[in-house]
Structure formats: C-alpha cells, structure tokens
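Data block for run31.tsv (TSV, C-alpha atoms):
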```
chain	number	residue	atom	x	y	z
A	1	MET	CA	-15.02	11.06	6.45
A	2	ARG	CA	-14.85	8.88	9.53
A	3	ARG	CA	-11.52	7.24	10.07
A	4	ILE	CA	-12.37	3.56	10.25
A	5	ILE	CA	-9.02	2.16	9.28
A	6	ARG	CA	-6.24	2.28	11.81
A	7	LEU	CA	-2.93	1.95	10.05
A	8	ILE	CA	-0.61	-0.16	11.96
A	9	ALA	CA	1.04	-3.35	10.95
A	10	LEU	CA	0.56	-4.77	7.50
A	11	SER	CA	1.81	-8.09	6.46
A	12	ALA	CA	5.28	-8.55	5.20
A	13	ALA	CA	5.97	-8.36	1.54
A	14	ILE	CA	9.51	-9.08	0.65
A	15	GLY	CA	10.88	-9.38	-2.74
A	16	LEU	CA	14.36	-10.84	-2.46
A	17	ALA	CA	14.51	-11.65	-6.10
A	18	ALA	CA	11.58	-12.18	-8.41
A	19	PRO	CA	8.58	-13.94	-6.84
A	20	SER	CA	8.86	-17.70	-7.15
A	21	ALA	CA	6.73	-19.57	-9.65
A	22	VAL	CA	5.02	-21.62	-6.97
A	23	SER	CA	1.61	-22.70	-8.21
A	24	ALA	CA	-1.45	-22.96	-6.02
A	25	GLN	CA	-1.16	-26.75	-6.21
A	26	ALA	CA	2.49	-26.68	-5.16
A	27	ALA	CA	1.73	-24.28	-2.32
A	28	ALA	CA	-0.99	-26.62	-1.08
A	29	ARG	CA	1.63	-29.40	-0.68
A	30	CYS	CA	3.71	-27.36	1.77
A	31	ASP	CA	3.38	-29.09	5.10
A	32	LYS	CA	5.93	-27.28	7.26
A	33	SER	CA	4.85	-26.61	10.82
A	34	PHE	CA	4.51	-22.98	11.75
A	35	ALA	CA	7.39	-23.48	14.18
A	36	GLU	CA	9.58	-24.41	11.19
A	37	VAL	CA	8.25	-21.46	9.18
A	38	PHE	CA	9.02	-19.05	12.02
A	39	ARG	CA	12.57	-20.40	12.43
A	40	GLU	CA	13.20	-19.97	8.69
A	41	VAL	CA	11.88	-16.43	8.35
A	42	THR	CA	12.98	-14.95	11.69
A	43	PRO	CA	16.60	-14.14	10.58
A	44	SER	CA	15.10	-11.85	7.92
A	45	VAL	CA	12.69	-9.92	10.17
A	46	VAL	CA	14.13	-6.75	11.71
A	47	LEU	CA	13.14	-4.33	14.45
A	48	ILE	CA	13.04	-0.69	13.32
A	49	VAL	CA	13.27	2.19	15.81
A	50	SER	CA	12.96	5.71	14.43
A	51	ALA	CA	12.91	9.25	15.82
A	52	VAL	CA	10.76	11.91	14.19
A	53	ILE	CA	10.95	15.63	14.98
A	54	ASP	CA	7.51	17.16	14.47
A	55	PRO	CA	7.84	20.90	13.73
A	56	PHE	CA	4.08	21.34	14.01
A	57	SER	CA	3.83	20.21	17.64
A	58	VAL	CA	4.26	22.52	20.62
A	59	ALA	CA	4.86	19.64	23.02
A	60	ASP	CA	6.28	16.19	22.36
A	61	LYS	CA	8.27	17.41	19.39
A	62	VAL	CA	10.32	14.21	19.24
A	63	GLN	CA	8.34	11.05	18.63
A	64	LEU	CA	9.87	7.58	18.90
A	65	ASN	CA	8.33	4.89	16.69
A	66	VAL	CA	8.74	1.13	16.67
A	67	ALA	CA	8.03	-0.90	13.54
A	68	SER	CA	9.10	-4.05	11.73
A	69	GLY	CA	10.81	-4.74	8.42
A	70	VAL	CA	11.88	-7.63	6.25
A	71	VAL	CA	15.21	-8.07	4.50
A	72	PHE	CA	14.51	-7.80	0.80
A	73	ASP	CA	17.73	-9.22	-0.62
A	74	ASP	CA	21.17	-10.48	0.36
A	75	ARG	CA	22.60	-6.99	-0.23
A	76	GLY	CA	20.90	-5.90	2.99
A	77	HIS	CA	18.00	-3.84	1.66
A	78	ILE	CA	15.10	-3.77	4.13
A	79	VAL	CA	11.46	-3.23	3.10
A	80	THR	CA	9.00	-1.60	5.50
A	81	ASN	CA	6.06	0.82	5.54
A	82	ALA	CA	6.75	4.42	4.63
A	83	HIS	CA	4.60	5.62	7.54
A	84	ALA	CA	7.05	3.93	9.92
A	85	VAL	CA	10.14	5.86	8.79
A	86	TYR	CA	9.24	8.75	6.48
A	87	GLY	CA	10.63	12.05	7.78
A	88	SER	CA	12.72	10.35	10.48
A	89	SER	CA	15.81	12.14	11.74
A	90	GLU	CA	17.37	8.89	12.92
A	91	ILE	CA	16.67	5.20	12.20
A	92	LEU	CA	18.07	2.13	13.93
A	93	VAL	CA	17.54	-1.48	12.80
A	94	SER	CA	18.21	-4.78	14.54
A	95	VAL	CA	17.75	-8.46	13.75
A	96	GLY	CA	18.96	-9.66	17.13
A	97	ASP	CA	19.10	-8.08	20.56
A	98	LYS	CA	22.77	-7.10	20.22
A	99	ASP	CA	22.95	-5.96	16.61
A	100	LEU	CA	21.40	-2.47	16.68
A	101	ARG	CA	22.84	-0.28	13.94
A	102	PRO	CA	21.94	2.96	12.11
A	103	ALA	CA	20.16	2.81	8.77
A	104	GLU	CA	19.29	5.25	6.01
A	105	ILE	CA	16.28	5.56	3.72
A	106	VAL	CA	17.10	4.46	0.16
A	107	GLY	CA	13.73	5.75	-1.00
A	108	ALA	CA	10.09	5.95	0.06
A	109	ASN	CA	6.77	6.09	-1.74
A	110	PRO	CA	4.10	7.58	0.55
A	111	ALA	CA	1.31	6.94	-1.97
A	112	THR	CA	1.77	3.17	-1.60
A	113	ASP	CA	3.14	3.30	1.97
A	114	LEU	CA	6.38	1.54	1.04
A	115	ALA	CA	9.97	2.35	1.95
A	116	VAL	CA	13.37	0.71	1.51
A	117	LEU	CA	16.13	1.05	4.11
A	118	ARG	CA	19.82	0.13	4.11
A	119	PRO	CA	22.10	-0.19	7.16
A	120	SER	CA	24.66	2.60	7.15
A	121	ALA	CA	27.12	0.88	9.47
A	122	PRO	CA	28.77	-2.55	9.30
A	123	GLY	CA	27.33	-5.46	11.24
A	124	SER	CA	26.29	-9.05	10.89
A	125	PRO	CA	25.30	-10.00	7.33
A	126	LEU	CA	21.54	-9.76	6.69
A	127	GLN	CA	19.75	-12.74	5.22
A	128	GLY	CA	17.20	-12.04	2.53
A	129	ALA	CA	13.78	-13.63	2.98
A	130	LYS	CA	12.31	-16.05	0.49
A	131	ALA	CA	9.61	-14.39	-1.62
A	132	GLY	CA	6.42	-16.19	-2.54
A	133	ASN	CA	3.87	-15.40	-5.22
A	134	SER	CA	0.88	-13.46	-3.92
A	135	ASP	CA	-1.01	-14.12	-7.17
A	136	THR	CA	-1.42	-17.77	-6.15
A	137	LEU	CA	-2.97	-17.04	-2.77
A	138	ALA	CA	-6.46	-18.32	-2.08
A	139	VAL	CA	-8.96	-17.42	0.62
A	140	GLY	CA	-8.46	-19.91	3.46
A	141	ASP	CA	-4.69	-20.32	3.02
A	142	GLU	CA	-2.90	-20.44	6.37
A	143	VAL	CA	-0.42	-17.66	7.14
A	144	ILE	CA	1.52	-16.15	10.04
A	145	ALA	CA	2.38	-12.50	10.66
A	146	VAL	CA	5.86	-11.92	12.11
A	147	GLY	CA	7.02	-8.69	13.67
A	148	PHE	CA	7.62	-6.68	16.84
A	149	PRO	CA	4.24	-5.73	18.33
A	150	TYR	CA	4.75	-2.86	20.78
A	151	GLY	CA	8.49	-3.58	20.44
A	152	ILE	CA	8.27	-6.35	23.05
A	153	GLY	CA	10.09	-8.95	20.94
A	154	LYS	CA	9.85	-10.93	17.74
A	155	THR	CA	6.37	-12.46	17.64
A	156	ALA	CA	4.34	-14.75	15.38
A	157	THR	CA	0.55	-14.73	15.11
A	158	ARG	CA	-1.41	-17.30	13.15
A	159	GLY	CA	-4.40	-16.88	10.84
A	160	ILE	CA	-5.71	-17.37	7.35
A	161	VAL	CA	-6.08	-15.30	4.21
A	162	SER	CA	-9.57	-13.88	4.80
A	163	GLY	CA	-9.93	-12.02	1.53
A	164	LEU	CA	-8.10	-10.83	-1.57
A	165	HIS	CA	-8.08	-7.67	-3.70
A	166	ARG	CA	-9.46	-5.52	-0.88
A	167	VAL	CA	-9.63	-1.84	-1.85
A	168	LEU	CA	-9.50	0.47	1.18
A	169	ARG	CA	-10.33	4.06	0.30
A	170	LEU	CA	-7.38	5.67	2.03
A	171	THR	CA	-5.81	7.72	-0.76
A	172	PRO	CA	-6.67	8.63	-4.37
A	173	MET	CA	-4.44	5.75	-5.45
A	174	SER	CA	-5.98	3.15	-3.13
A	175	TRP	CA	-7.94	1.41	-5.87
A	176	GLN	CA	-4.66	0.74	-7.69
A	177	THR	CA	-3.16	-1.03	-4.67
A	178	PRO	CA	-5.57	-3.72	-3.40
A	179	TYR	CA	-4.62	-5.50	-0.17
A	180	ILE	CA	-4.57	-9.02	1.21
A	181	GLN	CA	-6.98	-9.37	4.14
A	182	THR	CA	-5.98	-11.67	6.99
A	183	ASP	CA	-7.16	-12.49	10.51
A	184	ALA	CA	-3.60	-13.05	11.77
A	185	ALA	CA	-3.43	-10.64	14.71
A	186	ILE	CA	-1.52	-7.39	14.13
A	187	SER	CA	-0.65	-4.73	16.70
A	188	PRO	CA	1.24	-1.41	16.73
A	189	GLY	CA	4.85	-2.24	15.89
A	190	ASN	CA	3.98	-4.97	13.37
A	191	SER	CA	3.89	-2.45	10.52
A	192	GLY	CA	6.26	-3.49	7.76
A	193	GLY	CA	6.68	-7.07	8.96
A	194	PRO	CA	6.12	-10.10	6.73
A	195	LEU	CA	3.03	-12.19	6.17
A	196	VAL	CA	4.33	-15.71	5.56
A	197	ASP	CA	2.69	-18.83	4.10
A	198	ARG	CA	3.10	-22.51	5.03
A	199	CYS	CA	6.00	-22.79	2.55
A	200	GLY	CA	8.00	-20.28	4.58
A	201	GLU	CA	7.67	-17.67	1.83
A	202	VAL	CA	6.73	-14.03	2.29
A	203	VAL	CA	3.41	-13.26	0.58
A	204	GLY	CA	2.65	-9.80	1.96
A	205	LEU	CA	3.81	-6.79	3.99
A	206	ASN	CA	1.67	-6.10	7.08
A	207	THR	CA	0.38	-2.54	7.05
A	208	LEU	CA	-2.90	-1.76	8.82
A	209	PHE	CA	-5.96	-3.02	10.63
A	210	GLN	CA	-9.56	-1.91	10.98
A	211	GLU	CA	-10.03	-0.14	14.28
A	212	GLN	CA	-13.75	-0.84	14.66
A	213	GLY	CA	-13.63	-4.52	13.78
A	214	GLN	CA	-11.97	-7.68	15.04
A	215	ASN	CA	-9.33	-9.63	13.12
A	216	LEU	CA	-9.57	-7.40	10.05
A	217	ASN	CA	-5.94	-6.83	9.07
A	218	PHE	CA	-4.40	-5.93	5.74
A	219	ALA	CA	-1.12	-6.47	3.91
A	220	ILE	CA	0.45	-5.26	0.67
A	221	PRO	CA	0.85	-8.24	-1.74
A	222	VAL	CA	4.46	-9.33	-2.09
A	223	ASN	CA	4.39	-9.15	-5.89
A	224	GLN	CA	3.60	-5.46	-5.69
A	225	VAL	CA	6.19	-4.92	-2.98
A	226	ALA	CA	8.86	-6.58	-5.12
A	227	ALA	CA	8.03	-4.40	-8.15
A	228	LEU	CA	7.96	-1.15	-6.18
A	229	ALA	CA	11.01	-1.95	-4.05
A	230	GLY	CA	12.94	-2.81	-7.20
A	231	GLN	CA	12.21	0.67	-8.57
A	232	ILE	CA	13.20	2.33	-5.31
A	233	ILE	CA	16.50	0.43	-5.14
A	234	ALA	CA	17.30	1.18	-8.78
A	235	GLN	CA	16.36	4.87	-8.90
A	236	GLY	CA	15.54	6.02	-5.37
A	237	ARG	CA	11.82	6.46	-6.00
A	238	VAL	CA	8.75	4.95	-7.62
A	239	VAL	CA	8.04	6.48	-11.01
A	240	ARG	CA	4.33	6.64	-11.75
A	241	PRO	CA	2.29	8.77	-14.14
A	242	TRP	CA	0.04	11.42	-12.59
A	243	HIS	CA	-3.51	12.13	-13.64
A	244	GLY	CA	-4.92	13.35	-10.31
A	245	ILE	CA	-8.38	11.77	-10.64
A	246	TYR	CA	-10.15	9.85	-7.90
A	247	GLY	CA	-13.64	8.37	-8.06
A	248	GLN	CA	-15.65	5.23	-8.78
A	249	MET	CA	-18.03	3.79	-11.31
A	250	VAL	CA	-21.49	5.39	-11.53
A	251	PRO	CA	-23.95	3.08	-9.71
A	252	PHE	CA	-26.89	1.79	-11.71
A	253	GLU	CA	-29.22	3.51	-9.22
A	254	PHE	CA	-27.75	6.93	-10.07
A	255	THR	CA	-28.24	6.38	-13.78
A	256	MET	CA	-31.88	5.39	-13.27
A	257	THR	CA	-32.87	7.99	-10.67
A	258	LEU	CA	-30.51	10.93	-11.19
A	259	GLY	CA	-29.85	10.61	-14.89
A	260	ILE	CA	-26.08	10.41	-14.44
A	261	PRO	CA	-24.59	8.73	-17.53
A	262	PRO	CA	-22.73	5.42	-17.10
A	263	GLY	CA	-18.99	5.81	-16.73
A	264	PHE	CA	-16.35	6.73	-14.17
A	265	MET	CA	-17.65	9.34	-11.71
A	266	VAL	CA	-15.01	11.92	-10.76
A	267	GLU	CA	-15.23	12.58	-7.02
A	268	THR	CA	-12.05	14.51	-6.22
A	269	ILE	CA	-9.22	16.13	-8.16
A	270	GLU	CA	-5.70	16.48	-6.75
A	271	PRO	CA	-4.57	20.14	-6.67
A	272	GLY	CA	-2.04	21.00	-9.36
A	273	SER	CA	-2.70	17.78	-11.27
A	274	PRO	CA	-3.19	17.38	-15.03
A	275	ALA	CA	-6.90	16.74	-14.36
A	276	GLU	CA	-7.19	20.14	-12.67
A	277	ALA	CA	-5.26	21.76	-15.53
A	278	ILE	CA	-7.80	20.62	-18.14
A	279	GLY	CA	-10.74	21.72	-15.97
A	280	LEU	CA	-12.18	18.42	-14.77
A	281	ARG	CA	-14.52	18.92	-11.84
A	282	GLY	CA	-15.05	16.72	-8.80
A	283	GLY	CA	-18.24	16.15	-6.82
A	284	THR	CA	-19.73	18.33	-4.10
A	285	LEU	CA	-22.74	16.42	-2.75
A	286	PRO	CA	-22.19	13.37	-0.49
A	287	VAL	CA	-24.67	10.51	-1.01
A	288	GLN	CA	-24.80	7.30	1.04
A	289	ILE	CA	-26.08	3.96	-0.28
A	290	GLY	CA	-25.83	1.33	2.42
A	291	PHE	CA	-22.19	1.41	3.57
A	292	ARG	CA	-20.98	3.07	0.36
A	293	GLN	CA	-20.40	6.80	0.14
A	294	PHE	CA	-20.37	8.75	-3.11
A	295	LEU	CA	-19.55	12.36	-3.94
A	296	VAL	CA	-21.83	13.36	-6.81
A	297	GLY	CA	-22.11	16.46	-8.94
A	298	GLY	CA	-18.77	16.13	-10.73
A	299	ASP	CA	-17.84	15.12	-14.24
A	300	VAL	CA	-18.24	11.58	-15.57
A	301	ILE	CA	-15.46	10.15	-17.74
A	302	LEU	CA	-17.08	8.16	-20.55
A	303	ALA	CA	-14.05	6.95	-22.51
A	304	VAL	CA	-10.24	7.05	-22.46
A	305	ASN	CA	-8.38	7.00	-25.78
A	306	GLY	CA	-11.63	5.96	-27.43
A	307	GLU	CA	-12.32	2.99	-25.12
A	308	ALA	CA	-15.57	3.15	-23.15
A	309	LEU	CA	-15.29	2.84	-19.37
A	310	ASP	CA	-17.84	0.10	-18.75
A	311	SER	CA	-16.39	-1.42	-15.55
A	312	MET	CA	-13.80	-0.86	-12.84
A	313	ASP	CA	-11.72	-3.66	-14.35
A	314	THR	CA	-11.53	-1.66	-17.57
A	315	VAL	CA	-10.54	1.48	-15.66
A	316	LEU	CA	-7.79	-0.36	-13.77
A	317	ARG	CA	-6.42	-1.99	-16.91
A	318	ILE	CA	-6.23	1.34	-18.72
A	319	VAL	CA	-4.72	3.24	-15.79
A	320	ARG	CA	-2.10	0.55	-15.16
A	321	SER	CA	-1.02	0.78	-18.79
A	322	PHE	CA	-0.19	4.49	-18.51
A	323	LYS	CA	3.42	5.64	-18.58
A	324	VAL	CA	5.00	8.99	-17.84
A	325	GLY	CA	4.82	11.11	-20.99
A	326	ASP	CA	1.76	9.35	-22.45
A	327	ARG	CA	-0.74	11.54	-24.29
A	328	VAL	CA	-4.25	10.68	-23.13
A	329	THR	CA	-7.62	11.68	-24.60
A	330	LEU	CA	-10.61	11.87	-22.27
A	331	ASP	CA	-14.25	11.98	-23.32
A	332	TYR	CA	-16.44	13.11	-20.45
A	333	ALA	CA	-19.82	14.53	-19.47
A	334	HIS	CA	-19.70	18.02	-17.97
A	335	GLU	CA	-22.95	19.67	-16.83
A	336	GLY	CA	-24.92	17.57	-19.27
A	337	LYS	CA	-22.61	18.24	-22.22
A	338	LYS	CA	-20.18	15.81	-23.83
A	339	MET	CA	-16.66	17.20	-23.93
A	340	SER	CA	-13.17	16.02	-24.84
A	341	ALA	CA	-9.69	16.96	-23.67
A	342	GLU	CA	-6.10	15.82	-24.14
A	343	VAL	CA	-3.41	15.73	-21.49
A	344	THR	CA	0.20	14.59	-21.20
A	345	LEU	CA	0.88	12.64	-18.03
A	346	PRO	CA	3.84	13.84	-15.92
A	347	GLU	CA	5.51	11.91	-13.10
A	348	ARG	CA	3.50	11.89	-9.88
A	349	PRO	CA	5.25	13.90	-7.15
A	350	ILE	CA	5.00	13.36	-3.40
A	351	LEU	CA	2.00	15.48	-2.43
A	352	PRO	CA	1.16	17.24	0.86
A	353	GLY	CA	-1.80	14.89	1.29
A	354	ASP	CA	0.50	11.87	1.13
A	355	VAL	CA	2.69	13.24	3.90
A	356	ARG	CA	-0.31	14.21	6.04
A	357	ARG	CA	-1.66	10.68	5.75
A	358	LEU	CA	1.67	9.20	6.85
A	359	ARG	CA	1.76	11.56	9.83
A	360	GLU	CA	-1.76	10.45	10.85
A	361	MET	CA	-0.84	6.78	10.45
A	362	ARG	CA	2.29	7.22	12.56
A	363	GLY	CA	0.23	8.88	15.27
A	364	LEU	CA	-1.80	5.70	15.61
A	365	HIS	CA	1.22	3.63	16.68
```

Spell out the structure here as structure tokens.
Amino acid sequence: MRRIIRLIALSAAIGLAAPSAVSAQAAARCDKSFAEVFREVTPSVVLIVSAVIDPFSVADKVQLNVASGVVFDDRGHIVTNAHAVYGSSEILVSVGDKDLRPAEIVGANPATDLAVLRPSAPGSPLQGAKAGNSDTLAVGDEVIAVGFPYGIGKTATRGIVSGLHRVLRLTPMSWQTPYIQTDAAISPGNSGGPLVDRCGEVVGLNTLFQEQGQNLNFAIPVNQVAALAGQIIAQGRVVRPWHGIYGQMVPFEFTMTLGIPPGFMVETIEPGSPAEAIGLRGGTLPVQIGFRQFLVGGDVILAVNGEALDSMDTVLRIVRSFKVGDRVTLDYAHEGKKMSAEVTLPERPILPGDVRRLREMRGLH
C-alpha cells in the first residue's frame, strides 16, 4: 500500500490531571491572544534529543532524532510520540537552552504512538501544562501547534481544527484511535508537541502530516492521551485486550454485486492472535472503490456476543467495551457458511509490526 501519510509532528496532548470540564460555550469565550497562549504553554514544551542504534543498518548505525514533548504533570512526566524515542539508547530533554538533562522512558505504547518520559537527573522544576477537553472541540476552532521543528528553536504555528474523528489506516488499531485534523503547520521535530486552543489549554498531541497534501496535519486528542499516559505512569504500559482483527464494514455495493453478507469484513489477521487461533481468515483480493481500498475474500463477522454488527459505531462501541480476560462469542460467515466461535481475550503485546512502523516513522524525520 502506498505510504501517503508521513509521520512527523502531531499535536500536543497533555493530560496534567483530568481534562477540564470546559464546555464548548465556555471555550468560545476565551479571548486570549496567541502571544499570551504561547507564553503560558511554552514552559511546558520540551525539546527531546535521542540516539538510536540501528542493528539492521550497515552504515549510519547511530541515528540522532529531534522531537518535542509536553510536560504532563507537576511530577515531571513528559508525554511524546513513541516513534520519537522508542528503542533509544540515550535521551536528553530540555525546556530552555541551558537545561539539557538525561531522561528515561517510563513506558511506551507503539500501537497508539504514545510514550511517557521522566528526567533521570535533577534540574529546574518542570511545569505541567493545562489540559483541555478534546471532546468539546469543533471544526473551525483556532489552535496553535508548539514544538521544535528541525530543532531550530521553540516555534508556534497557527491554524484551525480542520476535522475531527479522522481515522488514518496506519495500523490494525487505527480505527480505535481517531485523530484531530488541523492546518497548523507541522514539520519534522514537532512530533510530540502540544496543540493548544485559545484558552491556553492542550487539546492534542501533534503526531503526523500527509506527505502528498498541504496543511493536512494530525494530532492525538488530549483526552485519549491523558487516559493512556495515566496507565503508562501507573503500570509502565497500556493494557488492552487483543483480538487481532482488522477490517471495515462491508460496503452496500459488495452486498448487491458480490453477495457478501452485511457485517464486519475481516481484511487482515495479526499473527499469533486469538483471531488466528480460532481460524478466522482475512482477505486476499484487493478492490478499489474511488479512494477506498478493500481486501475481500475473508470472513465476515455478523455478530459479537449476540449483537449484530450493523455499523462501524456498533463495532467501536463493542470493541471499546472489551477487557482483558473477557470471553467473546463471534458469529461469522466463512466460505458461505455461518459459523460460531468463542475466544478469551489476552493482553495485547508489542508486536513486530508495531516496532517496524515506528522505525519507518522515525526514518521520515
């Protein structure tokens, strides 16, 4: 599949404490200038320099990376993108020009491209950023992206929220982690920096941009960052159930012309996953409809625990309700036959595909 998304700098999602209960109406009353917003958030935005030793390279075995981060709380935890630091042999962080200090990874979740760092040497106290509420964002809201593009210095770029709930098909879990779309300019080095609203509150974590478009940039919503970072700080990792299924809803055209039953079309299965263990099969034939690509020929999941899969909203609601250890019953169509299977969901491990994706993203810096 053509790589159309260049992962670079996503907007800044910082979770300090719980997201504030700012309503859309209250947010609309914020009238701070962007100069004021920048002054307020800048003490919480850090430069991250990391060194990665690549054992698979013959030349250029040591790669230096520059990224951004945002201070998550007053205990000094820093949130950034996993692709900026995962696998690093050494990490340095700095808020100001003279405060460069080593840091360690508290935990990282490659599947959601999120990592938490903590300085490992004393220095000036770090100031936690103020978290907003990404659920109250609306298309057209003004925002700025703050970070260190190309490592040249702390920089602010202005834009608006261009879209919400954007699903970019980057990993099998992409549809569970929709992004904020913004036209605030992002460059290599901005990854992990904050996206900030007119109230001076972080609403997202800058993560990537579309290489073949202009002003198409994406950020992880701050509410999701806060939830995931909280897990990482508490237990060193994100605990999620693992089913190993990736796909999309069967288009109406396929039901009418190909006779594929309505439901969730399985396109790929993660190796070693519970889905592979029960014999679910992914697709083999690529089909293009407009700009959408499908992989047909696999199984179609009709119902989960007796509930019919009639829309992607239903699928997301069911999947988000799963917990590690849950027993799940699947009804599905396999080669024209209706079948049923039960599976117990284990914890999702870090998979080779996750690490490969991070390595590719880092190579685009």

Each residue of stretch 179-296 of chain A lying at most 6 Å from stretch 56-72 of chain A should get a row with its shortest atom-to-atom pair and the distance in Å to one decimal, counting only C-alpha atoms; could you produce that, ordered by chain and increasing number, as a Markdown table?
```
| residue | atom | partner | partner_atom | distance |
| --- | --- | --- | --- | --- |
| A:Gly189 | CA | A:Ala67 | CA | 4.2 |
| A:Asn190 | CA | A:Ser68 | CA | 5.5 |
| A:Ser191 | CA | A:Ala67 | CA | 5.4 |
| A:Gly192 | CA | A:Gly69 | CA | 4.8 |
| A:Gly193 | CA | A:Ser68 | CA | 4.8 |
```

Query raised in the report: Any idea what's packed within 12 Å of stretch 332-335 of chain A, counting all atoms listed in the file, ignoring anything in its chain fewer than 4 positions away? Could you give it as a PyMOL selection string?
Result: chain A and resi 259-266+275+278-283+296-309+339-342

Report summary line: Counting all atoms listed in the file, closest pick from A:Val203, A:Ala82, A:Ile220, A:Ala35 relative to A:Asn109 is A:Ala82

Query raised in the report: Mind listing as a list in words all residues within 9 Å of (-3.9, -17.4, 0.5), counting all atoms listed in the file?
Result: Ala24, Ser134, Asp135, Thr136, Leu137, Ala138, Val139, Gly140, Asp141, Glu142, Val143, Ile160, Val161, Ser162, Gly163, Leu164, Ile180, Thr182, Asp197 and Val203 of chain A

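Across the model, the gap from atom CA of A:Ala129 to atom CA of A:Gln235 is 22.1 Å.
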